[in-house]
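J.: My structure is stored as run-v3.cif, with mmCIF, C-alpha atoms.
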data_structure
loop_
_atom_site.label_atom_id
_atom_site.label_comp_id
_atom_site.auth_asym_id
_atom_site.auth_seq_id
_atom_site.Cartn_x
_atom_site.Cartn_y
_atom_site.Cartn_z
CA LYS A 870 15.12 19.58 15.51
CA TYR A 871 15.88 16.00 14.44
CA PRO A 872 18.76 16.28 11.93
CA LYS A 873 19.49 12.52 11.86
CA PHE A 874 15.95 11.75 10.69
CA ARG A 875 14.37 12.37 7.30
CA ILE A 876 10.69 13.16 7.81
CA VAL A 877 8.27 12.50 4.95
CA ASN A 878 4.51 12.89 4.71
CA LEU A 879 2.47 10.45 2.65
CA ASP A 880 -0.53 11.54 0.58
CA ILE A 881 -2.94 8.62 0.33
CA GLY A 882 -6.63 8.26 -0.51
CA PRO A 883 -8.74 9.75 2.31
CA LEU A 884 -11.76 7.64 1.36
CA SER A 885 -10.00 4.43 0.33
CA SER A 886 -10.12 1.21 2.34
CA VAL A 887 -7.43 0.29 4.87
CA ALA A 888 -5.93 -2.29 2.49
CA ASP A 889 -5.86 0.11 -0.47
CA ARG A 890 -4.30 2.84 1.69
CA ALA A 891 -1.58 0.45 2.88
CA VAL A 892 -0.74 -0.48 -0.72
CA GLU A 893 -0.54 3.20 -1.64
CA CYS A 894 1.84 3.78 1.27
CA PHE A 895 4.24 1.13 0.04
CA TYR A 896 4.45 2.38 -3.53
CA GLN A 897 4.75 6.00 -2.47
CA LEU A 898 7.76 5.09 -0.37
CA TYR A 899 9.31 2.38 -2.55
CA GLY A 900 8.26 3.43 -6.05
CA GLY A 901 6.44 1.73 -8.92
CA GLN A 902 2.91 1.51 -10.28
CA ILE A 903 0.36 0.93 -7.55
CA ASP A 904 -1.04 -2.61 -7.81
CA PHE A 905 -4.00 -3.01 -5.47
CA SER A 906 -4.28 -6.74 -6.22
CA VAL A 907 -1.36 -7.51 -3.88
CA ALA A 908 -3.66 -6.92 -0.90
CA LEU A 909 -6.22 -9.51 -2.00
CA GLU A 910 -6.34 -12.60 0.20
CA GLU A 911 -6.74 -16.09 -1.23
CA GLY A 912 -10.22 -16.44 -2.69
CA GLU A 913 -10.87 -12.68 -2.69
CA GLU A 914 -11.50 -10.60 -5.78
CA PHE A 915 -12.15 -6.95 -6.54
CA GLU A 916 -15.68 -5.69 -6.29
CA ARG A 917 -17.20 -4.48 -9.54
CA GLY A 918 -15.70 -1.16 -10.54
CA HIS A 919 -12.49 -1.48 -8.51
CA GLY A 920 -9.53 -1.34 -10.87
CA ARG A 921 -6.28 -3.16 -10.29
CA TYR A 922 -3.81 -0.36 -10.91
CA GLY A 923 -3.33 3.16 -9.58
CA ARG A 924 -0.78 5.90 -10.10
CA ASN A 925 2.85 5.36 -11.00
CA GLU A 926 4.87 6.57 -8.02
CA PRO A 927 8.52 7.70 -8.28
CA GLY A 928 9.26 6.52 -4.72
CA ILE A 929 10.15 8.92 -1.91
CA LEU A 930 12.76 6.59 -0.43
CA GLY A 931 13.32 3.81 -2.91
CA PRO A 932 14.96 0.41 -2.29
CA LEU A 933 18.31 1.93 -1.27
CA GLN A 934 16.84 4.02 1.55
CA TRP A 935 14.12 1.64 2.72
CA ASN A 936 14.92 -1.99 3.40
CA ARG A 937 15.59 -4.41 6.24
CA ASP A 938 18.78 -2.58 7.22
CA LYS A 939 17.17 0.86 6.93
CA PRO A 940 13.71 0.50 8.51
CA ILE A 941 11.29 3.38 8.96
CA HIS A 942 9.53 4.83 12.00
CA ILE A 943 5.84 5.53 11.39
CA LEU A 944 3.87 8.24 13.18
CA ALA A 945 0.22 7.56 12.34
CA TYR A 946 -2.85 9.60 13.23
CA SER A 947 -6.42 8.29 13.38
CA MET A 948 -7.07 6.06 10.34
CA GLY A 949 -3.34 6.09 9.68
CA ALA A 950 -2.87 3.65 12.56
CA PRO A 951 -4.64 0.60 11.04
CA THR A 952 -3.16 1.64 7.68
CA ALA A 953 0.38 1.49 9.11
CA ARG A 954 -0.27 -1.88 10.73
CA TYR A 955 -1.74 -3.24 7.50
CA LEU A 956 1.33 -2.03 5.63
CA GLN A 957 3.57 -3.99 7.98
CA TYR A 958 1.29 -7.02 7.56
CA LEU A 959 1.72 -6.85 3.77
CA LEU A 960 5.48 -6.38 4.14
CA ALA A 961 5.65 -9.50 6.31
CA LYS A 962 3.73 -11.50 3.68
CA GLN A 963 6.06 -10.40 0.84
CA VAL A 964 3.20 -9.66 -1.53
CA PHE A 965 4.82 -6.81 -3.47
CA VAL A 966 6.43 -7.38 -6.87
CA ASP A 967 8.75 -5.24 -8.97
CA ALA A 968 8.24 -4.09 -12.57
CA GLY A 969 9.71 -7.37 -13.85
CA GLY A 970 7.30 -9.46 -11.82
CA GLY A 971 9.86 -10.55 -9.23
CA VAL A 972 8.92 -10.69 -5.56
CA ILE A 973 10.39 -7.85 -3.52
CA PRO A 974 12.01 -9.44 -0.41
CA THR A 975 10.17 -7.33 2.13
CA SER A 976 9.66 -8.25 5.78
CA ALA A 977 8.11 -6.87 8.96
CA ASP A 978 11.63 -5.68 9.87
CA TRP A 979 11.21 -2.86 7.35
CA VAL A 980 9.24 -1.04 10.10
CA ALA A 981 11.18 -0.17 13.26
CA SER A 982 8.30 1.44 15.16
CA ILE A 983 4.68 2.50 14.83
CA CYS A 984 3.44 5.34 17.01
CA CYS A 985 -0.35 5.71 16.87
CA VAL A 986 -1.97 9.00 17.88
CA GLN A 987 -5.73 9.09 18.50
CA ALA A 988 -5.97 5.81 16.60
CA VAL A 989 -9.13 4.01 15.50
CA ASN A 990 -7.64 0.52 15.68
CA ASN A 991 -10.94 -0.86 16.96
CA GLY A 992 -13.22 1.23 14.74
CA THR A 993 -15.75 3.79 15.90
CA ASP A 994 -19.53 4.01 16.31
CA ALA A 995 -19.39 7.54 14.89
CA VAL A 996 -19.94 6.12 11.39
CA PHE A 997 -23.41 4.96 12.47
CA VAL A 998 -24.22 8.43 13.80
CA ALA A 999 -23.11 9.84 10.43
CA GLY A 1000 -25.57 7.57 8.64
CA LEU A 1001 -24.02 4.16 7.97
CA HIS A 1002 -26.52 1.33 8.48
CA PRO A 1003 -25.26 -1.06 11.22
CA ALA A 1004 -26.55 -4.17 9.45
CA THR A 1005 -25.79 -3.51 5.78
CA LEU A 1006 -22.89 -1.04 6.28
CA ALA A 1007 -24.44 1.04 3.49
CA PRO A 1008 -25.25 4.77 3.80
CA ARG A 1009 -28.80 5.59 4.89
CA LEU A 1010 -30.77 7.68 2.44
CA LEU A 1011 -30.05 11.43 2.78
CA SER A 1012 -27.65 10.87 5.70
CA VAL A 1013 -24.34 12.73 6.02
CA VAL A 1014 -22.41 9.74 4.65
CA TRP A 1015 -24.93 9.37 1.79
CA TRP A 1016 -24.38 12.98 0.72
CA ILE A 1017 -20.60 12.72 1.03
CA PHE A 1018 -20.43 9.64 -1.17
CA ASN A 1019 -22.77 11.05 -3.80
CA ILE A 1020 -20.65 14.18 -4.05
CA VAL A 1021 -17.55 11.99 -4.30
CA TYR A 1022 -19.14 9.87 -7.05
CA LEU A 1023 -19.92 13.04 -9.01
CA ILE A 1024 -16.33 14.33 -8.64
CA VAL A 1025 -14.90 10.99 -9.79
CA TRP A 1026 -17.31 10.83 -12.72
CA LEU A 1027 -16.63 14.39 -13.90
CA ASP A 1028 -12.86 13.79 -13.78
CA TRP A 1029 -12.02 17.47 -14.13
CA GLY A 1030 -8.30 18.05 -13.66
CA TRP A 1031 -8.61 21.18 -11.51
CA LEU A 1032 -11.26 19.52 -9.32
CA ASN A 1033 -9.15 16.38 -8.92
CA ARG A 1034 -6.20 18.50 -7.82
CA LEU A 1035 -8.37 20.48 -5.42
CA THR A 1036 -9.99 17.47 -3.71
CA ASN A 1037 -7.09 15.01 -4.15
CA LEU A 1038 -9.34 12.00 -3.56
CA ARG A 1039 -6.91 9.61 -5.29
CA LEU A 1040 -9.72 7.36 -6.51
CA GLU A 1041 -8.41 6.64 -10.00
CA HIS A 1042 -8.87 2.94 -9.27
CA TRP A 1043 -12.64 3.45 -9.11
CA GLU A 1044 -13.53 2.80 -12.74
CA ALA A 1045 -16.46 5.17 -12.65
CA ARG A 1046 -15.37 8.05 -14.87
CA ARG A 1047 -17.03 9.22 -18.07
CA MET A 1048 -14.03 7.92 -20.00
CA HIS A 1049 -15.01 4.43 -18.83
CA GLY A 1050 -18.39 4.83 -20.53
CA VAL A 1051 -20.28 5.14 -17.25
CA GLY A 1052 -23.43 7.27 -17.38
CA LEU A 1053 -24.24 9.55 -14.44
CA TRP A 1054 -27.50 7.78 -13.58
CA ARG A 1055 -25.82 4.38 -13.72
CA LEU A 1056 -23.06 5.68 -11.46
CA LEU A 1057 -25.49 6.90 -8.78
CA THR A 1058 -27.44 3.63 -8.79
CA TRP A 1059 -24.46 1.29 -9.15
CA ARG A 1060 -22.29 2.83 -6.38
CA PRO A 1061 -18.72 1.56 -6.90
CA GLY A 1062 -16.46 1.26 -3.88
CA VAL A 1063 -19.30 0.28 -1.55
CA GLN A 1064 -17.23 -2.66 -0.25
CA ALA A 1065 -13.84 -0.92 -0.19
CA ASN A 1066 -14.04 2.45 1.51
CA VAL A 1067 -12.94 4.11 4.72
CA ALA A 1068 -16.46 4.41 6.21
CA ARG A 1069 -17.07 0.66 5.99
CA ASP A 1070 -13.64 -0.17 7.44
CA LEU A 1071 -14.23 2.23 10.34
CA CYS A 1072 -17.14 0.09 11.60
CA PRO A 1073 -16.17 -1.83 14.78
CA ALA A 1074 -17.25 -5.17 13.27
CA ARG A 1075 -15.24 -4.63 10.10
CA MET A 1076 -12.20 -3.42 12.06
CA GLU A 1077 -12.43 -6.55 14.19
CA GLU A 1078 -12.14 -8.62 11.00
CA ILE A 1079 -9.10 -6.60 9.95
CA ASN A 1080 -7.47 -7.04 13.38
CA ARG A 1081 -7.98 -10.80 13.23
CA ARG A 1082 -6.26 -10.82 9.85
CA LEU A 1083 -3.32 -8.75 11.12
CA ALA A 1084 -2.98 -10.95 14.21
CA ARG A 1085 -1.66 -13.75 11.99
CA VAL A 1086 1.73 -12.03 11.82
CA LEU A 1087 1.56 -9.00 14.14
CA PRO A 1088 2.77 -7.72 16.51
CA HIS A 1089 6.33 -8.16 15.29
CA PRO A 1090 8.84 -8.81 18.10
CA ARG A 1091 11.43 -6.39 16.69
CA THR A 1092 9.04 -3.49 16.18
CA ARG A 1093 8.15 -0.99 18.89
CA TYR A 1094 4.45 -0.13 19.11
CA VAL A 1095 3.28 2.99 20.93
CA ALA A 1096 -0.33 4.20 21.36
CA CYS A 1097 -1.12 7.78 22.39
CA CYS A 1098 -4.56 9.11 23.25
CA SER A 1099 -6.10 12.10 24.98
CA CYS A 1100 -9.45 13.43 26.10
CA VAL A 1101 -10.90 16.90 25.66
CA THR A 1102 -11.15 18.74 28.99
CA SER A 1103 -12.00 22.16 27.59
CA PRO A 1104 -14.35 23.16 24.78
CA LEU A 1105 -11.87 25.77 23.54
CA LEU A 1106 -8.60 24.55 22.00
CA PRO A 1107 -7.28 22.23 24.73
CA ALA A 1108 -3.51 22.11 25.07
CA PRO A 1109 -1.67 18.99 23.85
CA PRO A 1110 -1.56 16.42 26.67
CA ALA A 1111 1.79 16.21 28.42
CA ALA A 1112 1.75 12.41 28.11
CA LEU A 1113 1.61 12.68 24.31
CA VAL A 1114 4.50 15.15 24.16
CA THR A 1115 6.61 12.98 26.46
CA CYS A 1116 5.80 9.86 24.46
CA LEU A 1117 6.80 11.42 21.13
CA ARG A 1118 10.12 12.47 22.59
CA HIS A 1119 10.92 8.85 23.31
CA VAL A 1120 10.00 7.40 19.92
CA PRO A 1121 13.23 5.74 18.70
#
Let me see whether you can do it: turn the structure in this file into structure tokens.
T.:
Amino acid sequence: KYPKFRIVNLDIGPLSSVADRAVECFYQLYGGQIDFSVALEEGEEFERGHGRYGRNEPGILGPLQWNRDKPIHILAYSMGAPTARYLQYLLAKQVFVDAGGGVIPTSADWVASICCVQAVNNGTDAVFVAGLHPATLAPRLLSVVWWIFNIVYLIVWLDWGWLNRLTNLRLEHWEARRMHGVGLWRLLTWRPGVQANVARDLCPARMEEINRRLARVLPHPRTRYVACCSCVTSPLLPAPPAALVTCLRHVP
């Protein structure tokens, strides 16, 4: 349908924080070993149990197919929207380095457009309904979120190859596996990733902090931003809204 475009789908951590997801996006597209430290602001440091490095990515596009002269168009759904904007923020700051330690000359111009579909750019109160405490942003005991994270901790700790491939959580940077010498009881009481996870970043207050950070350099004047949303008018498989279809046709 669109022969002049190459369409790629990124596979990033579904439970990782916005910053970690943005870093994963860059390395999946550009290539290299994922270095989560590039997203740390001045004075910030990793929480206990958050490793610096992730997988070594071959790079879907690489430096020859993704640069200032060959920018990308991003179609982002839900949590992908703040992730895409955070990626452009990191590109504008030139935080990424190559294998030799040299700074990669990135810029916000590496992104031509961001089209957000059903985005959560301002967070959602749904995380509180699911069991996140509004004050501490920690899961309430026996809530939906509490059960989800305990199951995730167990999967990370077991580190079974077939289970990792099945769930594809991409949480290798959580240093909570048996090979790290972490006991199961210590894991369940220590709770790594409590400060850097998708549930915490989905809170309206936390997303407001993220938006204030991004506002230092975004929006970029040479990037087109499009937001698409819809509402459910039927309980049974509502048809895609005409406005969304029309909008996607006009994405550059």
J.: Could you please give me, as a list in words, the residues of protein, DNA or RNA lying at most 12 Å from (-8.9, -10.8, -5.3) in the coordinate frame of the file, considering all atoms listed in the file?
T.: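 Final list of nearby residues, as requested, is Ala888, Asp904, Phe905, Ser906, Val907, Ala908, Leu909, Glu910, Glu911, Gly912, Glu913, Glu914, Phe915, Glu916, Arg917, His919, Gly920 and Arg921 of chain A.
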J.: Select all residues near (-17.7, 15.6, -14.9) (cut-off 12 Å, inclusive, file coordinates), counting all atoms listed in the file, and output them as a ChimeraX atom specification.
T.: /A:1020-1033,1045-1048,1051-1053,1056
J.: Just want the 8 Å neighbourhood of Val996 in chain A, counted on only C-alpha atoms, with same-chain residues fewer than 5 positions away dropped. Output as an MDAnalysis selection string.
T.: chainID A and resid 1001 1068 1071:1072
J.: For Pro1090 in chain A, which residue out of A:Ser885, A:Gln1064, A:Ala995, A:Ala977 is the nearest one, using only C-alpha atoms?
T.: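 Once distances to Pro1090 in chain A are computed over only C-alpha atoms, the minimum belongs to A:Ala977.
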J.: Translate the PyMOL selection byres ((chain A and resi 998) around 12) into a concrete residue list for this structure, as a ChimeraX atom specification.
T.: /A:993-997,999-1003,1008-1009,1012-1014,1068,1072
J.: Edge lengths and centre in Å to one decimal, as JSON, is what I'm after for the box along x, y and z that holds all listed atoms of range 957-971 of chain A once 8 Å is added on each side.
T.:
{"center_x": 5.6, "center_y": -7.7, "center_z": -2.9, "size_x": 24.6, "size_y": 23.5, "size_z": 37.8}
J.: Between A:Gly900, A:Gly949, A:Gly992, A:Pro974, single out the one closest to Pro883 in chain A, counting all atoms listed in the file.
T.: A:Gly949
J.: Using all atoms listed in the file, which residue out of A:Ile903, A:Ile943, A:Leu884, A:Cys984 lies closest to Phe1018 in chain A?
T.: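 The closest residue to Phe1018 in chain A is A:Leu884.
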J.: What separation in Å, quoted to one decimal, exists between CA of Ile929 in chain A and CA of Trp979 in chain A?
T.: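 Distance reported for this atom pair: 15.0 Å.
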J.: Rounded to one decimal place, report the CA of Ala968 in chain A-CA of Val980 in chain A distance in Å.
T.: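 CA of Val980 in chain A lies 22.9 Å from CA of Ala968 in chain A.
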J.: Record the distance separating CA of Trp1015 in chain A and CA of Val1067 in chain A, expressed in Å with one decimal.
T.: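 That distance, rounded to one decimal, is 13.4 Å.
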J.: Can you pull out every residue within 8 Å of Gln987 in chain A, counting only C-alpha atoms, but drop anything in the same chain fewer than 3 positions away, and send it as a VMD selection string?
T.: chain A and resid 946 to 947 1096 to 1099
J.: Starting from the displayed file, determine the output of the PyMOL selection byres ((chain A and resi 1041) around 8) and express the residue list as a VMD selection string.
T.: chain A and resid 923 to 924 1025 1039 to 1040 1042 to 1044
J.: List as JSON, numbers by chain the protein and nucleic acid residues near Leu933 in chain A, meaning an atom at most 12 Å away when all atoms listed in the file are counted, but skip any in the same chain fewer than 4 places from it.
T.: {"A": [898, 899, 900, 928, 929, 937, 938, 939, 940]}
J.: Can you list, as a PyMOL selection string, every protein, DNA or RNA residue that comes within 12 Å of Leu960 in chain A when you count all atoms listed in the file, leaving out same-chain residues fewer than 5 positions away?
T.: chain A and resi 891-892+894-896+899+907-908+935-937+940+953-955+965-966+972-980+1083+1086-1087+1089
J.: Output file request: range 925-957 of chain A, with N, CA, C and O atoms, as an mmCIF file, in the first residue's frame.
T.:
data_model
loop_
_atom_site.group_PDB
_atom_site.id
_atom_site.type_symbol
_atom_site.label_atom_id
_atom_site.label_comp_id
_atom_site.auth_asym_id
_atom_site.auth_seq_id
_atom_site.Cartn_x
_atom_site.Cartn_y
_atom_site.Cartn_z
ATOM 1 N N ASN A 925 22.151 -6.439 23.342
ATOM 2 C CA ASN A 925 22.944 -5.891 22.242
ATOM 3 C C ASN A 925 22.106 -5.985 20.977
ATOM 4 O O ASN A 925 21.789 -7.078 20.513
ATOM 5 N N GLU A 926 21.709 -4.845 20.437
ATOM 6 C CA GLU A 926 20.799 -4.809 19.301
ATOM 7 C C GLU A 926 21.562 -4.646 17.993
ATOM 8 O O GLU A 926 22.472 -3.815 17.892
ATOM 9 N N PRO A 927 21.187 -5.409 16.945
ATOM 10 C CA PRO A 927 21.867 -5.277 15.648
ATOM 11 C C PRO A 927 21.517 -3.981 14.919
ATOM 12 O O PRO A 927 22.301 -3.502 14.100
ATOM 13 N N GLY A 928 20.350 -3.402 15.226
ATOM 14 C CA GLY A 928 19.935 -2.161 14.567
ATOM 15 C C GLY A 928 19.094 -2.436 13.336
ATOM 16 O O GLY A 928 19.588 -2.975 12.347
ATOM 17 N N ILE A 929 17.817 -2.084 13.403
ATOM 18 C CA ILE A 929 16.911 -2.320 12.274
ATOM 19 C C ILE A 929 17.247 -1.397 11.107
ATOM 20 O O ILE A 929 17.219 -1.802 9.945
ATOM 21 N N LEU A 930 17.580 -0.157 11.421
ATOM 22 C CA LEU A 930 17.891 0.821 10.377
ATOM 23 C C LEU A 930 19.386 1.108 10.289
ATOM 24 O O LEU A 930 19.974 1.092 9.215
ATOM 25 N N GLY A 931 19.998 1.380 11.417
ATOM 26 C CA GLY A 931 21.406 1.716 11.416
ATOM 27 C C GLY A 931 21.655 3.172 11.057
ATOM 28 O O GLY A 931 20.741 3.887 10.627
ATOM 29 N N PRO A 932 22.891 3.646 11.207
ATOM 30 C CA PRO A 932 23.208 5.057 10.971
ATOM 31 C C PRO A 932 23.034 5.508 9.521
ATOM 32 O O PRO A 932 22.849 6.694 9.271
ATOM 33 N N LEU A 933 23.087 4.576 8.573
ATOM 34 C CA LEU A 933 22.956 4.973 7.167
ATOM 35 C C LEU A 933 21.508 5.200 6.759
ATOM 36 O O LEU A 933 21.233 5.981 5.840
ATOM 37 N N GLN A 934 20.579 4.555 7.460
ATOM 38 C CA GLN A 934 19.166 4.687 7.111
ATOM 39 C C GLN A 934 18.382 5.529 8.106
ATOM 40 O O GLN A 934 17.190 5.758 7.907
ATOM 41 N N TRP A 935 19.036 5.956 9.170
ATOM 42 C CA TRP A 935 18.357 6.824 10.148
ATOM 43 C C TRP A 935 19.323 7.899 10.602
ATOM 44 O O TRP A 935 20.289 7.631 11.310
ATOM 45 N N ASN A 936 19.063 9.114 10.168
ATOM 46 C CA ASN A 936 19.895 10.250 10.539
ATOM 47 C C ASN A 936 19.111 11.531 10.257
ATOM 48 O O ASN A 936 17.905 11.483 9.987
ATOM 49 N N ARG A 937 19.783 12.653 10.329
ATOM 50 C CA ARG A 937 19.104 13.940 10.123
ATOM 51 C C ARG A 937 18.495 14.055 8.725
ATOM 52 O O ARG A 937 17.409 14.615 8.548
ATOM 53 N N ASP A 938 19.168 13.480 7.731
ATOM 54 C CA ASP A 938 18.682 13.558 6.356
ATOM 55 C C ASP A 938 17.658 12.476 6.034
ATOM 56 O O ASP A 938 16.971 12.561 5.007
ATOM 57 N N LYS A 939 17.575 11.457 6.872
ATOM 58 C CA LYS A 939 16.608 10.374 6.677
ATOM 59 C C LYS A 939 15.828 10.159 7.976
ATOM 60 O O LYS A 939 16.005 9.151 8.669
ATOM 61 N N PRO A 940 14.969 11.112 8.329
ATOM 62 C CA PRO A 940 14.211 11.007 9.581
ATOM 63 C C PRO A 940 13.105 9.955 9.478
ATOM 64 O O PRO A 940 12.759 9.501 8.378
ATOM 65 N N ILE A 941 12.574 9.585 10.622
ATOM 66 C CA ILE A 941 11.524 8.574 10.672
ATOM 67 C C ILE A 941 10.185 9.202 11.037
ATOM 68 O O ILE A 941 10.115 10.285 11.631
ATOM 69 N N HIS A 942 9.106 8.534 10.646
ATOM 70 C CA HIS A 942 7.751 8.881 11.058
ATOM 71 C C HIS A 942 7.317 7.840 12.081
ATOM 72 O O HIS A 942 7.428 6.638 11.825
ATOM 73 N N ILE A 943 6.836 8.284 13.217
ATOM 74 C CA ILE A 943 6.471 7.366 14.298
ATOM 75 C C ILE A 943 4.951 7.330 14.459
ATOM 76 O O ILE A 943 4.307 8.366 14.614
ATOM 77 N N LEU A 944 4.391 6.135 14.415
ATOM 78 C CA LEU A 944 2.984 5.904 14.729
ATOM 79 C C LEU A 944 2.953 5.197 16.077
ATOM 80 O O LEU A 944 3.386 4.051 16.202
ATOM 81 N N ALA A 945 2.471 5.890 17.101
ATOM 82 C CA ALA A 945 2.558 5.379 18.472
ATOM 83 C C ALA A 945 1.172 5.202 19.070
ATOM 84 O O ALA A 945 0.316 6.087 18.962
ATOM 85 N N TYR A 946 0.971 4.063 19.705
ATOM 86 C CA TYR A 946 -0.313 3.763 20.337
ATOM 87 C C TYR A 946 -0.160 3.741 21.855
ATOM 88 O O TYR A 946 0.796 3.182 22.388
ATOM 89 N N SER A 947 -1.110 4.352 22.549
ATOM 90 C CA SER A 947 -1.182 4.315 24.006
ATOM 91 C C SER A 947 0.129 4.769 24.653
ATOM 92 O O SER A 947 0.570 5.902 24.458
ATOM 93 N N MET A 948 0.804 3.876 25.390
ATOM 94 C CA MET A 948 2.041 4.238 26.078
ATOM 95 C C MET A 948 3.175 4.518 25.096
ATOM 96 O O MET A 948 4.201 5.097 25.465
ATOM 97 N N GLY A 949 2.986 4.140 23.847
ATOM 98 C CA GLY A 949 3.986 4.441 22.834
ATOM 99 C C GLY A 949 4.117 5.921 22.559
ATOM 100 O O GLY A 949 5.168 6.383 22.091
ATOM 101 N N ALA A 950 3.069 6.690 22.861
ATOM 102 C CA ALA A 950 3.098 8.133 22.599
ATOM 103 C C ALA A 950 4.122 8.859 23.472
ATOM 104 O O ALA A 950 5.015 9.540 22.949
ATOM 105 N N PRO A 951 4.037 8.762 24.814
ATOM 106 C CA PRO A 951 5.088 9.409 25.620
ATOM 107 C C PRO A 951 6.463 8.796 25.378
ATOM 108 O O PRO A 951 7.474 9.486 25.493
ATOM 109 N N THR A 952 6.497 7.516 25.007
ATOM 110 C CA THR A 952 7.782 6.882 24.686
ATOM 111 C C THR A 952 8.409 7.535 23.462
ATOM 112 O O THR A 952 9.610 7.828 23.442
ATOM 113 N N ALA A 953 7.598 7.771 22.428
ATOM 114 C CA ALA A 953 8.101 8.402 21.200
ATOM 115 C C ALA A 953 8.580 9.822 21.470
ATOM 116 O O ALA A 953 9.623 10.251 20.965
ATOM 117 N N ARG A 954 7.825 10.559 22.268
ATOM 118 C CA ARG A 954 8.218 11.930 22.591
ATOM 119 C C ARG A 954 9.483 11.949 23.428
ATOM 120 O O ARG A 954 10.342 12.824 23.257
ATOM 121 N N TYR A 955 9.632 10.986 24.336
ATOM 122 C CA TYR A 955 10.841 10.915 25.155
ATOM 123 C C TYR A 955 12.047 10.542 24.295
ATOM 124 O O TYR A 955 13.160 11.038 24.516
ATOM 125 N N LEU A 956 11.829 9.695 23.302
ATOM 126 C CA LEU A 956 12.909 9.366 22.372
ATOM 127 C C LEU A 956 13.397 10.617 21.661
ATOM 128 O O LEU A 956 14.609 10.858 21.560
ATOM 129 N N GLN A 957 12.476 11.434 21.176
ATOM 130 C CA GLN A 957 12.883 12.655 20.486
ATOM 131 C C GLN A 957 13.586 13.615 21.444
ATOM 132 O O GLN A 957 14.537 14.314 21.050
#
